[in-house]
Amino acid sequence: MEMPIPDPAVLARKDRLVARLMAVLPADAVIHDLAETRAYECDALTAYKCPPMVAVLPASTQEVSDVLRICHDEGVPVVPRGSGTSLAGGALPTADCVILGVARMNDVLETDYENRVIRVQTGRTNLSVTGAVEEEGFFYAPDPSSQLACAIAGNIAMNSGGAHCLKYGVTTNNLLGVTMVTMDGEVVELGGAHMDAGGLDLLGLICGSEGQLGVVTEATLRILPKPEGARPVLMGFDSAEVAGACVADIIKAGVLPVAIEFMDRMLIEVCEDFAKADYPMCEALLIVEVEGSDAEIDHQLALITEIARRHDPVALRESASAEESARIWAGRKAAFSAIGRISDYMCLDGTIPVSSLPYVLRRIGEMSKHYGLPVGNVFHAGDGNMHPLICYDANKPGDLEICEAFGAEVLKLCVEAGGCLTGEHGVGIEKRDLMSHQYAPADLEAQMAVKDVFDPQWLLNPAKVFPLDISEARRAEPIAAE
Amino acid sequence: MRPESEAALADLVKSAKEPLAIQGGGTRGLAPEGALVSVAGLSGITLYEPGALTLVAQAGTPISEIEDALTAENQRLAFEPMDHRVLLGTEGEPTLGGVIAGNVSGPRRIQGGAARDYALGVRFVDGTGEVVKNGGRVMKNVTGYDLVKLMCGAFGTLGVLTEVSLKVLPRPETQGTLLLRGLDDVQAVQAMAVAMNSPYEVTGAAHCATIMEGGPVTALRAEGFGTSVAYRLDQLKSLLARFKVEMTLGDAAMSDWIWRSVRDAELLRDVPEDIWRVSCKPSEAPGLMARSGAAGWYYDWAGGRIWVRMPAGEDLRAALGAFDGHATLVRASEATRAALPVFHPQAAGVEKISAGLRARFDPGGILNRGLMGPVPAEVA
């Protein structure tokens with residue numbers, strides 16, 4: 001993956017920049033020694049690494065504003081960083097950039113049960129937002145699988161989803177307000193504790209903008225009362241076609257499960273081997289979870305199993321207890337660890353129309369043979385978000401490149417099928433150069449015009465999202481008065 | 001003017017030298033300056049996959065046509081868009097493009113989300129006549145910036161919508177409404193918060209103190225399978241017993257009527273005053289109304305949305321002062337409209353960004369000029 005060549009003029013200003021940053025931040029919040037900046041050289045897309053020129057760890061909106069104002073003055077690119085869990089390289093530095101990490105900003109600023117909102121600093125982790133309200137019976141709905149580590153800042157930047165978004169939506173549907181600092185150091189407030197921000201939906205615009213429009217320092221999030229209970233049913237089928245038809249029939253019958261997860265044979269085998277969840281060996285496994293009181297759950301599960309029976313399942317296992325539920329979920333939840341135990345892998349994130357699942361899976365199978373790399377598929381079947389896991393050997397020269405070529409072809413297939421390149425991980429650098437497959441020049445121009453408004457000099461996370469050749473003219477704008 | 005295709009619309013915008021007033025069904029009574037351009041010619045559902053909960057239609061498609069197609073498959077638009085004809089006495093057919101451009105959302109917004117939460121993709125013609133697409137037809141999509149949200153609520157000032165993809169949802173088997181009588185505003189907002197904070201998935205919470213005959217009424221809606229609705233309303237009743245007021249249950253038909261009225265502000269149809277809509281923190285709603293000088297009001301969204309009757313020509317924003325939220329002028333005389341902007345003026349930093357976006361998407365300032373912000377001097 002190509003990155004822009006570091007600007008020697010920027011590198012030459014390092015000492016002055018560090019001195020200016022030291023003047024507005026505590027000494028331990030400015031990291032500029034190479035041995036220490038290495039800690040910020042990559043995110044969860046570990047195949048790519050580059051230590052930043054400087055990393056800063058501001059502790060308040062004011063400090064973020066000071067840092068951005070200085071970097072703006074000096075014409076230094078800034079790469080914002082939440083917890084560094086991006087799978088797309090969203091927080092990958094360049095050698096001439098300042099990494100702005102929000103890790104020191106993790107306070108809960110306000111919990112307001114009367115209005116069902118919580119206001120937090122955005123360095124706070126996703127799971128600890130729920131942690132702050134669960135004793136009162138509430139939770140924060142978006143639940144990306146990295147939720148133990150990932151920060152709200154990153155969730156907002158990538159518009160993170162999770163397994164339960166069929167019912168509760170993704171980050172953008174649960175974000176009510178932000179405090180954001182633009183590249184020139186201006187602090188803006190968008191939205192608040194009310195349900196619809198006035199004016200243009202700038203909140204919706206910055207959510208998912210991959211840290212390219214501003215640095216979000218505080219967020220007002222919607223919290224929800226916990227459901228009375230939840231239980232899954234597990235079903236196995238002879239083919240992906242039948243499983244897909246079953247999902248469509250469940251949805252058409254008026255049941256809206258909170259999650260519908262799909263696994264193919266390879267993953268069933270790998271997960272079973274690892275987690276001993278007692279999964280049936282078959283071509284397609286579905287886990288469908290519903291919520292409510294016990295009686296409500298029984299009613300919905302009865303409807304779902306009745307529909308499943310019409311599709312001749314090879315296995316059907318309704319959970320009747322918390323233990324059985326945990327067992328059904330054990331394999332699925334261990335999927336990534338299970339496959340990681342047997343191989344290096346790349347996790348893709350395309351979305352497809354649910355109806356094209358059988359076709360897309362067949363084509364992925366053909367590609368797997370062509371490229372000679374095994375692939376397993378997990379799929380949020382309710383919303384079409386698929387995670388093909390391509391296995392490769394990181395120690396075998398050339399294998400990563402083959403894997404990336406395979407991955408790119410799968411993502412193009414998702415677009416061709418009527419879907420998109422990324423459902424919840426973001427574009428970052430990983431899918432940057434595929435953007436032209438999904439969007440025409442005018443479509444990309446409209447998006448870049450938005451960045452022009454928020455960050456006219458293209459200093460914030462500039463080498464992400466847009467193909468480098470397309471963004472080049474903008475990134476090359478004259479910068480930094482000396 | 002009534003272009004019959006996206007290409008014809010693009011040509012029209014490209015060659016336009018003077019402002020254009022973009023119209024869907026014309027039911028909202030917004031009349032920005034300029035030559036009228038109706039999008040009604042771009043009509044029809046282009047894709048509907050009930051099993052994938054997805055519908056794609058051209059922007060001029062009547063909402064009624066979409067509702068009919070959805071009803072046939074036992075599905076619906078979950079964001080419950082208001083029909084403005086009731087309150088405004090306008091003619092015409094509400095269109096998909098108008099609903100999305102205005103982010104028109106009804107009572108279910110508190111639980112199920114707003115129009116913007118169900119918009120998956122758009123195609124639009126920007127102010128230079130360029131056709132742009134964003135998003136798609138799948139529910140999870142973070143590929144590039146979310147211009148779908150930006151267009152949703154931009155009231156056609158950044159581009160003219162030509163096609164919209166929507167997430168739709170199953171229509172629940174039934175609904176019911178619990179009615180509480182005699183709560184004052186403060187108690188009502190507390191009671192609605194208790195209901196919303198319960199696990200019973202209340203999909204509507206409204207309170208009307210000053211308009212109904214027979215005293216204040218608070219309404220709480222549950223939707224779902226029959227047994228589930230009965231169970232939840234019963235649980236809510238127990239939960240709210242502490243307020244010590246009379247409680248009754250409204251059946252499906254009554255519930256449907258109540259929420260249609262709440263959605264369309266039907267109670268305000270025949271009153272003489274200006275009508276405003278306030279968005280605020282629910283708990284602050286009673287305090288805001290106490291200082292509003294209003295002639296009457298009712299709360300939706302558990303207090304987070306207030307429909308306000310304001311003596312003609314009086315500025316509700318001035319009466320409320322600074323608060324966490326905003327006020328929109330929904331129905332007013334020509335004189336009031338000339339004096340007061342439809343939308344709440346924004347903080348300087350936010351307005352600067354908004355003006356920057358308008359200047360990029362519509363550099364000539366021709367699309368619904370002045371509707372959402374001041375007209376820049378260079379184009380005026």
# chains A, B, ... in the order shown; residues from 1 in each chain; ligands from 1
>>> select_by_dssp(residues="region 289-355 of chain B", states="strand (DSSP E)", output="list in words")
Gly296, Trp297, Tyr298, Tyr299, Asp300, Arg305, Ile306, Trp307, Val308, Arg309, Met310, Gly325, His326, Ala327, Thr328, Leu329, Val330 and Arg331 of chain B
>>> write_last_selection(atoms="C-alpha atoms", output="JSON list (two decimals), in the first residue's frame")
[["chain", "number", "residue", "atom", "x", "y", "z"],
["B", 296, "GLY", "CA", -50.87, 26.24, 23.97],
["B", 297, "TRP", "CA", -48.72, 23.23, 23.14],
["B", 298, "TYR", "CA", -48.39, 19.48, 23.19],
["B", 299, "TYR", "CA", -45.38, 17.23, 23.67],
["B", 300, "ASP", "CA", -44.26, 14.37, 21.45],
["B", 305, "ARG", "CA", -40.50, 17.65, 20.53],
["B", 306, "ILE", "CA", -43.03, 20.36, 21.34],
["B", 307, "TRP", "CA", -45.73, 21.61, 19.00],
["B", 308, "VAL", "CA", -46.41, 25.19, 20.01],
["B", 309, "ARG", "CA", -49.26, 27.66, 19.30],
["B", 310, "MET", "CA", -47.71, 31.12, 19.36],
["B", 325, "GLY", "CA", -32.21, 22.65, 20.97],
["B", 326, "HIS", "CA", -33.93, 24.69, 18.30],
["B", 327, "ALA", "CA", -37.30, 26.02, 17.11],
["B", 328, "THR", "CA", -38.72, 25.77, 13.59],
["B", 329, "LEU", "CA", -41.53, 27.91, 12.23],
["B", 330, "VAL", "CA", -43.96, 25.43, 10.66],
["B", 331, "ARG", "CA", -47.08, 27.50, 9.92]]
>>> residues_around(residues="Arg85 (chain B)", least_positions_apart="6", cutoff="10 Å", atoms="only C-alpha atoms", output="MDAnalysis selection string")
chainID B and resid 26:29 91:94 264 266 269
>>> atom_distance(atom1="CA of Thr128 (chain B)", atom2="CA of Gly198 (chain A)")
25.7 Å
>>> residues_around(residues="Cys150 (chain A)", least_positions_apart="6", cutoff="8 Å", atoms="only C-alpha atoms", output="MDAnalysis selection string")
chainID A and resid 82:85 125:126
>>> write_last_selection(atoms="N, CA and C atoms", output="mmCIF file, in the first residue's frame")
data_model
loop_
_atom_site.group_PDB
_atom_site.id
_atom_site.type_symbol
_atom_site.label_atom_id
_atom_site.label_comp_id
_atom_site.auth_asym_id
_atom_site.auth_seq_id
_atom_site.Cartn_x
_atom_site.Cartn_y
_atom_site.Cartn_z
ATOM 1 N N GLY A 82 -7.759 6.831 18.010
ATOM 2 C CA GLY A 82 -8.570 6.473 19.185
ATOM 3 C C GLY A 82 -7.769 5.488 20.001
ATOM 4 N N SER A 83 -8.113 4.169 19.872
ATOM 5 C CA SER A 83 -7.340 3.146 20.574
ATOM 6 C C SER A 83 -6.441 2.379 19.624
ATOM 7 N N GLY A 84 -6.440 2.754 18.367
ATOM 8 C CA GLY A 84 -5.573 2.068 17.413
ATOM 9 C C GLY A 84 -6.044 0.678 17.044
ATOM 10 N N THR A 85 -7.377 0.454 17.037
ATOM 11 C CA THR A 85 -7.903 -0.872 16.692
ATOM 12 C C THR A 85 -8.413 -0.954 15.260
ATOM 13 N N THR A 125 -13.450 3.927 26.180
ATOM 14 C CA THR A 125 -13.704 2.750 25.348
ATOM 15 C C THR A 125 -15.202 2.489 25.237
ATOM 16 N N ASN A 126 -15.553 1.847 24.134
ATOM 17 C CA ASN A 126 -16.959 1.529 23.860
ATOM 18 C C ASN A 126 -17.603 0.780 25.030
#
>>> closest_residue(among="B:Ala319, B:Val104, B:Ala302, B:Leu87", to="Ile275 (chain B)", atoms="only C-alpha atoms")
B:Leu87
>>> interface_residues(of="chain B", to="chain A", cutoff="7 Å", atoms="only C-alpha atoms", output="ChimeraX atom specification")
/B:50-52,117,132-134,136-147,149-150,153-154,170-172,193,197-199,228,279-283,304,324-326,349-350,353-354,356-357,360
>>> closest_residue(among="A:Ala335, A:Glu241, A:Ala35, A:Ile328", to="Leu357 (chain A)", atoms="only C-alpha atoms")
A:Glu241
>>> residues_around(residues="region 66-78 of chain A", least_positions_apart="6", cutoff="6 Å", atoms="only C-alpha atoms", output="PyMOL selection string")
chain A and resi 97-99+183-185+459-461+479-480
>>> atom_distance(atom1="CA of Ala240 (chain A)", atom2="CA of Leu70 (chain B)")
27.1 Å
>>> residues_around(residues="Ala338 (chain B)", least_positions_apart="5", cutoff="10 Å", atoms="only C-alpha atoms", output="compact mmCIF listing (two decimals) with N, CA and C atoms, in the first residue's frame")
# COMPACT_ATOMS: atom_id res chain seq x y z
N GLY B 313 -47.06 36.32 14.79
CA GLY B 313 -45.99 37.31 14.66
C GLY B 313 -45.01 37.33 15.81
N ALA B 332 -47.22 29.89 9.47
CA ALA B 332 -47.30 31.29 9.88
C ALA B 332 -47.84 32.13 8.73
N SER B 333 -48.24 33.33 9.11
CA SER B 333 -48.72 34.27 8.09
C SER B 333 -47.54 34.77 7.27
>>> select_by_dssp(residues="region 156-401 of chain A", states="alpha helix (DSSP H)", output="VMD selection string")
chain A and resid 156 to 158 165 to 168 202 to 206 240 to 252 265 to 275 294 to 309 322 to 333 335 to 342 357 to 371 399 to 401
>>> write_last_selection(atoms="C-alpha atoms", output="CSV table (one decimal), in the first residue's frame")
chain,number,residue,atom,x,y,z
A,156,ILE,CA,-17.5,7.9,15.5
A,157,ALA,CA,-14.7,8.2,12.9
A,158,MET,CA,-15.6,4.9,11.3
A,165,CYS,CA,-27.2,-3.3,14.6
A,166,LEU,CA,-30.1,-4.9,12.8
A,167,LYS,CA,-32.3,-3.7,15.7
A,168,TYR,CA,-30.3,-0.9,17.3
A,202,LEU,CA,-23.3,17.9,10.1
A,203,LEU,CA,-23.4,15.3,12.9
A,204,GLY,CA,-24.3,12.6,10.3
A,205,LEU,CA,-21.6,14.0,8.0
A,206,ILE,CA,-18.7,13.8,10.5
A,240,ALA,CA,-26.2,-21.2,1.8
A,241,GLU,CA,-29.1,-20.8,-0.6
A,242,VAL,CA,-31.5,-22.4,1.8
A,243,ALA,CA,-30.1,-20.5,4.8
A,244,GLY,CA,-30.5,-17.3,2.8
A,245,ALA,CA,-34.1,-18.1,2.0
A,246,CYS,CA,-34.8,-18.9,5.6
A,247,VAL,CA,-33.5,-15.5,6.7
A,248,ALA,CA,-35.7,-13.7,4.1
A,249,ASP,CA,-38.7,-15.7,5.3
A,250,ILE,CA,-38.1,-14.8,8.9
A,251,ILE,CA,-37.8,-11.1,8.0
A,252,LYS,CA,-40.9,-11.3,5.8
A,265,ARG,CA,-18.7,-24.9,6.7
A,266,MET,CA,-15.1,-23.9,7.1
A,267,LEU,CA,-15.8,-21.6,10.0
A,268,ILE,CA,-18.2,-24.1,11.6
A,269,GLU,CA,-15.4,-26.7,11.6
A,270,VAL,CA,-12.7,-24.3,12.8
A,271,CYS,CA,-14.9,-22.9,15.6
A,272,GLU,CA,-16.2,-26.2,16.7
A,273,ASP,CA,-12.6,-27.5,16.9
A,274,PHE,CA,-11.7,-24.5,19.1
A,275,ALA,CA,-14.8,-23.8,21.2
A,294,ASP,CA,-39.5,-15.0,28.5
A,295,ALA,CA,-43.0,-15.3,27.0
A,296,GLU,CA,-42.2,-12.9,24.2
A,297,ILE,CA,-39.0,-14.7,23.4
A,298,ASP,CA,-40.8,-18.1,23.4
A,299,HIS,CA,-43.4,-16.7,21.0
A,300,GLN,CA,-40.8,-15.3,18.5
A,301,LEU,CA,-38.6,-18.4,18.7
A,302,ALA,CA,-41.6,-20.6,18.0
A,303,LEU,CA,-42.4,-18.5,14.9
A,304,ILE,CA,-38.8,-18.6,13.8
A,305,THR,CA,-38.4,-22.4,14.3
A,306,GLU,CA,-41.6,-23.0,12.4
A,307,ILE,CA,-40.2,-21.1,9.4
A,308,ALA,CA,-36.9,-22.9,9.7
A,309,ARG,CA,-38.6,-26.3,9.7
A,322,ALA,CA,-28.5,-18.7,29.8
A,323,GLU,CA,-26.1,-21.6,29.7
A,324,GLU,CA,-27.5,-22.9,26.4
A,325,SER,CA,-27.4,-19.4,24.9
A,326,ALA,CA,-23.8,-19.0,25.9
A,327,ARG,CA,-23.0,-22.4,24.3
A,328,ILE,CA,-24.7,-21.4,21.0
A,329,TRP,CA,-22.7,-18.1,20.9
A,330,ALA,CA,-19.4,-19.7,22.1
A,331,GLY,CA,-18.3,-20.8,18.6
A,332,ARG,CA,-19.4,-17.6,16.8
A,333,LYS,CA,-17.8,-15.3,19.3
A,335,ALA,CA,-14.5,-17.2,15.3
A,336,PHE,CA,-11.6,-14.8,14.9
A,337,SER,CA,-9.5,-16.4,17.6
A,338,ALA,CA,-10.2,-19.8,16.3
A,339,ILE,CA,-9.1,-19.0,12.8
A,340,GLY,CA,-6.2,-17.0,14.1
A,341,ARG,CA,-5.0,-20.1,15.9
A,342,ILE,CA,-4.6,-22.1,12.6
A,357,LEU,CA,-25.5,-14.2,-0.6
A,358,PRO,CA,-25.5,-17.6,-2.4
A,359,TYR,CA,-24.1,-16.1,-5.6
A,360,VAL,CA,-21.4,-14.1,-3.7
A,361,LEU,CA,-20.4,-17.2,-1.6
A,362,ARG,CA,-20.1,-19.3,-4.7
A,363,ARG,CA,-17.9,-16.8,-6.4
A,364,ILE,CA,-15.7,-16.4,-3.3
A,365,GLY,CA,-15.3,-20.2,-3.3
A,366,GLU,CA,-14.2,-20.1,-7.0
A,367,MET,CA,-11.7,-17.3,-6.2
A,368,SER,CA,-10.4,-19.3,-3.2
A,369,LYS,CA,-9.4,-22.1,-5.6
A,370,HIS,CA,-8.0,-19.7,-8.1
A,371,TYR,CA,-5.7,-17.9,-5.6
A,399,ASP,CA,1.5,-14.6,0.2
A,400,LEU,CA,0.3,-11.3,1.6
A,401,GLU,CA,0.2,-9.8,-1.9
>>> atom_distance(atom1="CA of Arg119 (chain A)", atom2="CA of Ala103 (chain A)")
16.2 Å
>>> residues_around(residues="Thr217 (chain A)", least_positions_apart="6", cutoff="6 Å", atoms="only C-alpha atoms", output="PDB file with N, CA and C atoms, in the first residue's frame")
ATOM      1  N   THR A  61     -10.306  19.332  25.470  1.00  0.00           N
ATOM      2  CA  THR A  61     -10.663  19.957  24.192  1.00  0.00           C
ATOM      3  C   THR A  61      -9.739  21.138  23.922  1.00  0.00           C
ATOM      4  N   GLN A 121     -15.901  11.897  27.216  1.00  0.00           N
ATOM      5  CA  GLN A 121     -14.753  12.250  26.386  1.00  0.00           C
ATOM      6  C   GLN A 121     -14.513  11.054  25.462  1.00  0.00           C
ATOM      7  N   THR A 122     -14.033  11.347  24.260  1.00  0.00           N
ATOM      8  CA  THR A 122     -14.082  10.294  23.245  1.00  0.00           C
ATOM      9  C   THR A 122     -12.959   9.266  23.323  1.00  0.00           C
ATOM     10  N   THR A 179     -18.620  17.578  20.540  1.00  0.00           N
ATOM     11  CA  THR A 179     -17.730  18.729  20.515  1.00  0.00           C
ATOM     12  C   THR A 179     -16.598  18.333  19.591  1.00  0.00           C
ATOM     13  N   MET A 180     -16.357  19.156  18.589  1.00  0.00           N
ATOM     14  CA  MET A 180     -15.355  18.802  17.594  1.00  0.00           C
ATOM     15  C   MET A 180     -14.408  19.976  17.390  1.00  0.00           C
TER      16      MET A 180
END
